[in-house]
Amino acid sequence: MINMKNIAVLLFSLVVPGITIAQTEVLYNGIHLPEQWPPRYAEPQKAQDMPIPYLKQKPGVIPVNVGRQLFVDSFLIAETNLDRVIHTPRFYEGNPVLGPDREWEKTTEGGLYAAPFSDGIWYDEKDRKFKMWYLAGAGVLHKGDNQTFYTGYAESEDGKHWTKPVLDIWNQTNIVDTCNRDAATIWLDKQEKDPSKRYKMFNVERRPTDRRWQFILKYSSDGIHWGEGVAQSGDLYDRSSVFYNPFRDVWALSMRYGTKVSSRSRSYLENKDPEMAVSFAHRIRKGVPDKNIVYWFTPSDKEPRHPEFPEVDPGIYNFDAIAYESIMLGLYSVWQGPENGVCAKLGIQKKNEIFLGYSRDGFHFYRPSFKPFMAVNETEEAWNWGNMQSINGVPLVVGDSLYFYSSGRQRNKIMWDSYTSTGLATLRRDGFVSMHGDKDGYLLTEKIRFDGKHLFINADVKGSLTVEILDEDGKPLEGFARKDCVLMKKTDKTKQLVTWKKHQDIASLIGKPVRLKFYLNNADIYAFWISPWQTGESRGYTSGGGPGLSASGIDIPANK
């Protein structure tokens, strides 16, 4: 089994006119990082998309040993006549799955709050439970402001029906941390070797002396009993969060940052040690470079505008990320206005919706669609009338489905920005993007190399689908031509083994550069992967986990 924390580092020298790049890191997918990492881009003067360098200069041969290979961008595709179809999840009819129903979840003015503000929703395979940490109104404890918050905990057997257990932390409630906070990140670190640090809380707490925000890092063995802070940041802006990139074994801080484009832009910091990452974080003084913190991105010029307030320039309210299979999945909370004063005057929620991006290096995120992945519902008494926010840990893998959660706010007369609750939406596993062919469709991959034995696909085949394997010169390999493939017909599976008449596996091709060519007639393909096991585990990352999966957070046989 490959230890994916030990990313290969290649020492080489690549000389181009005027530039020498040496000692560059080579990722699991063959992408070479530049010598200067993270990259430093000049802050733009207008809204624009983030550059995606690895889509312009792909590896000559792409290793596909880690995870399901998704068609969310053009990285794997050399040639195709298929149509790319963007999919969105379906909201659960029983939403909200968690709402404010306890006296200790109210603010001093009665505002109702019971939803993650990043925080985390995870499946703990060791305890066999769904677990949620969330922001709750703290008016019964912190009375100095109208809006104060602390951290609650809930759990579930199925991810749909949640309970708030009575705990021994504070006053026989489900509150697990009483610090006055803004956002928080609770990370279930399934690869942590020290049991006392298995749960990590990056809490954005208000400093009592000057009311500034700062990260405080805490550890826990069970996610309920938290130790004292072990690291603190300098001053921060609100709505900052943290994610872990297992492909490179780094903790990354996603921090609110102001640019000329928008006060709702982002900066980035990474470090292998989470305590060092927190300690290096602080506000940046303009015009003075920082050794560890770099400008990251602004809103795109393609962000949707609020139809009632089209003059408002959209912003990135927050950005969370997590490893899913062979990619990093990015969740954008896109703010479309209006500003708080206008919301208060009109008694409405600000419009934030959840959008998706995808990355293969953990820094550059590609966005194939600027339509909401999880949209608000501006109907009376809807749990997500406005201000939806992303949540750490999601998606969770539950059978053939992905569970996405988000917070939402109901329009109310108590306090315009209150009444938060938590909703669930479900999507097909790998179901972000499919490549669709009606008749005589095909998709040819770039050159790939693998060390597995069994080819699997995730596909909805209403007509037929076959796969051909070509050598690096584009010629069909003997026994692996299209005519040799066992026809897949009228089948819809998220894990389908591909075989050929004389070959039940592709072990004979291990280590050789080849191309795959998929032929589709009235079919959609979502992903392919090559597994060492006939049971089809991908060796990719399983995000927030799920029932029956390995407790390692990696898709390997659960008993390994």
# chains A, B, ... in the order shown; residues from 1 in each chain; ligands from 1
>>> closest_atom_pairs(of="stretch 302-350 of chain A", to="stretch 550-560 of chain A", cutoff="10 Å", atoms="only C-alpha atoms", output="CSV")
residue,atom,partner,partner_atom,distance
A:Ala323,CA,A:Gly553,CA,9.8
A:Tyr324,CA,A:Ile554,CA,9.5
A:Glu325,CA,A:Asp555,CA,8.0
>>> write_last_selection(atoms="N, CA, C and O atoms", output="PDB file, in the first residue's frame")
ATOM      1  N   ALA A 323      -9.917  16.908   0.505  1.00  0.00           N
ATOM      2  CA  ALA A 323      -9.503  15.910  -0.484  1.00  0.00           C
ATOM      3  C   ALA A 323     -10.650  14.954  -0.761  1.00  0.00           C
ATOM      4  O   ALA A 323     -11.249  14.397   0.170  1.00  0.00           O
ATOM      5  N   TYR A 324     -10.960  14.787  -2.043  1.00  0.00           N
ATOM      6  CA  TYR A 324     -11.944  13.794  -2.470  1.00  0.00           C
ATOM      7  C   TYR A 324     -11.327  12.980  -3.603  1.00  0.00           C
ATOM      8  O   TYR A 324     -10.997  13.532  -4.655  1.00  0.00           O
ATOM      9  N   GLU A 325     -11.142  11.688  -3.373  1.00  0.00           N
ATOM     10  CA  GLU A 325     -10.543  10.788  -4.360  1.00  0.00           C
ATOM     11  C   GLU A 325      -9.190  11.314  -4.836  1.00  0.00           C
ATOM     12  O   GLU A 325      -8.266  11.364  -4.066  1.00  0.00           O
TER      13      GLU A 325
END
>>> select_by_dssp(residues="stretch 13-207 of chain A", states="helix (DSSP H, G or I)", output="PyMOL selection string")
chain A and resi 53-56+103-105+195-197
>>> write_last_selection(atoms="all heavy atoms", output="JSON list (two decimals), in the first residue's frame")
[["chain", "number", "residue", "atom", "x", "y", "z"],
["A", 53, "PRO", "N", -2.20, 26.57, -14.13],
["A", 53, "PRO", "CA", -1.03, 26.24, -14.96],
["A", 53, "PRO", "C", -0.95, 24.79, -15.39],
["A", 53, "PRO", "O", -0.47, 24.49, -16.49],
["A", 53, "PRO", "CB", 0.16, 26.64, -14.08],
["A", 53, "PRO", "CG", -0.39, 26.76, -12.70],
["A", 53, "PRO", "CD", -1.81, 27.13, -12.83],
["A", 54, "TYR", "N", -1.41, 23.85, -14.57],
["A", 54, "TYR", "CA", -1.25, 22.44, -14.94],
["A", 54, "TYR", "C", -2.20, 21.99, -16.05],
["A", 54, "TYR", "O", -2.03, 20.90, -16.60],
["A", 54, "TYR", "CB", -1.41, 21.54, -13.70],
["A", 54, "TYR", "CG", -2.71, 21.69, -12.94],
["A", 54, "TYR", "CD1", -3.90, 21.15, -13.42],
["A", 54, "TYR", "CD2", -2.73, 22.35, -11.72],
["A", 54, "TYR", "CE1", -5.08, 21.29, -12.70],
["A", 54, "TYR", "CE2", -3.91, 22.49, -11.00],
["A", 54, "TYR", "CZ", -5.08, 21.96, -11.51],
["A", 54, "TYR", "OH", -6.25, 22.09, -10.80],
["A", 55, "LEU", "N", -3.20, 22.81, -16.37],
["A", 55, "LEU", "CA", -4.05, 22.48, -17.52],
["A", 55, "LEU", "C", -3.43, 22.96, -18.82],
["A", 55, "LEU", "O", -3.77, 22.47, -19.90],
["A", 55, "LEU", "CB", -5.44, 23.11, -17.36],
["A", 55, "LEU", "CG", -6.30, 22.56, -16.22],
["A", 55, "LEU", "CD1", -7.66, 23.24, -16.20],
["A", 55, "LEU", "CD2", -6.46, 21.04, -16.31],
["A", 56, "LYS", "N", -2.49, 23.93, -18.73],
["A", 56, "LYS", "CA", -1.80, 24.42, -19.92],
["A", 56, "LYS", "C", -0.56, 23.60, -20.23],
["A", 56, "LYS", "O", -0.17, 23.45, -21.38],
["A", 56, "LYS", "CB", -1.44, 25.89, -19.74],
["A", 56, "LYS", "CG", -2.64, 26.82, -19.66],
["A", 56, "LYS", "CD", -2.21, 28.28, -19.55],
["A", 56, "LYS", "CE", -3.41, 29.20, -19.55],
["A", 56, "LYS", "NZ", -3.01, 30.63, -19.43],
["A", 103, "GLU", "N", -32.75, 26.47, 24.58],
["A", 103, "GLU", "CA", -32.63, 27.82, 25.11],
["A", 103, "GLU", "C", -31.20, 28.33, 25.03],
["A", 103, "GLU", "O", -30.96, 29.53, 24.83],
["A", 103, "GLU", "CB", -33.13, 27.89, 26.55],
["A", 103, "GLU", "CG", -34.65, 27.89, 26.70],
["A", 103, "GLU", "CD", -35.27, 29.11, 26.03],
["A", 103, "GLU", "OE1", -34.78, 30.23, 26.25],
["A", 103, "GLU", "OE2", -36.25, 28.92, 25.27],
["A", 104, "TRP", "N", -30.23, 27.43, 25.19],
["A", 104, "TRP", "CA", -28.83, 27.85, 25.20],
["A", 104, "TRP", "C", -28.27, 28.04, 23.78],
["A", 104, "TRP", "O", -27.08, 28.27, 23.61],
["A", 104, "TRP", "CB", -27.97, 26.85, 25.97],
["A", 104, "TRP", "CG", -28.04, 25.42, 25.47],
["A", 104, "TRP", "CD1", -27.32, 24.88, 24.45],
["A", 104, "TRP", "CD2", -28.85, 24.38, 25.99],
["A", 104, "TRP", "NE1", -27.64, 23.56, 24.28],
["A", 104, "TRP", "CE2", -28.56, 23.21, 25.22],
["A", 104, "TRP", "CE3", -29.78, 24.30, 27.03],
["A", 104, "TRP", "CZ2", -29.19, 21.99, 25.48],
["A", 104, "TRP", "CZ3", -30.39, 23.07, 27.27],
["A", 104, "TRP", "CH2", -30.10, 21.95, 26.50],
["A", 105, "GLU", "N", -29.13, 28.00, 22.76],
["A", 105, "GLU", "CA", -28.71, 28.28, 21.39],
["A", 105, "GLU", "C", -29.16, 29.66, 20.91],
["A", 105, "GLU", "O", -29.05, 29.99, 19.74],
["A", 105, "GLU", "CB", -29.24, 27.19, 20.45],
["A", 105, "GLU", "CG", -28.64, 25.82, 20.71],
["A", 105, "GLU", "CD", -29.29, 24.71, 19.92],
["A", 105, "GLU", "OE1", -30.47, 24.87, 19.52],
["A", 105, "GLU", "OE2", -28.64, 23.68, 19.70],
["A", 195, "PRO", "N", -3.22, 9.73, 19.42],
["A", 195, "PRO", "CA", -4.67, 9.70, 19.68],
["A", 195, "PRO", "C", -5.19, 10.97, 20.34],
["A", 195, "PRO", "O", -6.35, 11.34, 20.13],
["A", 195, "PRO", "CB", -4.83, 8.49, 20.61],
["A", 195, "PRO", "CG", -3.62, 7.64, 20.38],
["A", 195, "PRO", "CD", -2.52, 8.59, 20.05],
["A", 196, "SER", "N", -4.37, 11.65, 21.10],
["A", 196, "SER", "CA", -4.84, 12.86, 21.80],
["A", 196, "SER", "C", -5.03, 14.04, 20.85],
["A", 196, "SER", "O", -5.62, 15.04, 21.23],
["A", 196, "SER", "CB", -3.86, 13.25, 22.91],
["A", 196, "SER", "OG", -2.63, 13.70, 22.36],
["A", 197, "LYS", "N", -4.53, 13.93, 19.61],
["A", 197, "LYS", "CA", -4.65, 15.00, 18.63],
["A", 197, "LYS", "C", -5.53, 14.61, 17.45],
["A", 197, "LYS", "O", -5.51, 15.29, 16.42],
["A", 197, "LYS", "CB", -3.26, 15.40, 18.13],
["A", 197, "LYS", "CG", -2.32, 15.92, 19.20],
["A", 197, "LYS", "CD", -0.96, 16.26, 18.61],
["A", 197, "LYS", "CE", -0.01, 16.79, 19.66],
["A", 197, "LYS", "NZ", 1.33, 17.11, 19.08]]
>>> closest_residue(among="A:Trp529, A:Phe91, A:Phe247, A:Phe432", to="A:Asn29", atoms="only C-alpha atoms")
A:Phe247
>>> closest_residue(among="A:Trp162, A:Phe297, A:Phe450, A:Tyr366", to="A:Pro63", atoms="only C-alpha atoms")
A:Phe450
>>> closest_residue(among="A:Gly258, A:Pro395, A:Pro314, A:Pro307", to="A:Gln48", atoms="only C-alpha atoms")
A:Pro314
>>> select_by_dssp(residues="stretch 49-226 of chain A", states="strand (DSSP E or B)", output="number ranges by chain")
A: 62-63, 69-70, 77-80, 83-86, 90-91, 98, 106, 112-124, 129-137, 149-156, 162-163, 175-177, 181-188, 199-206, 213-220, 226
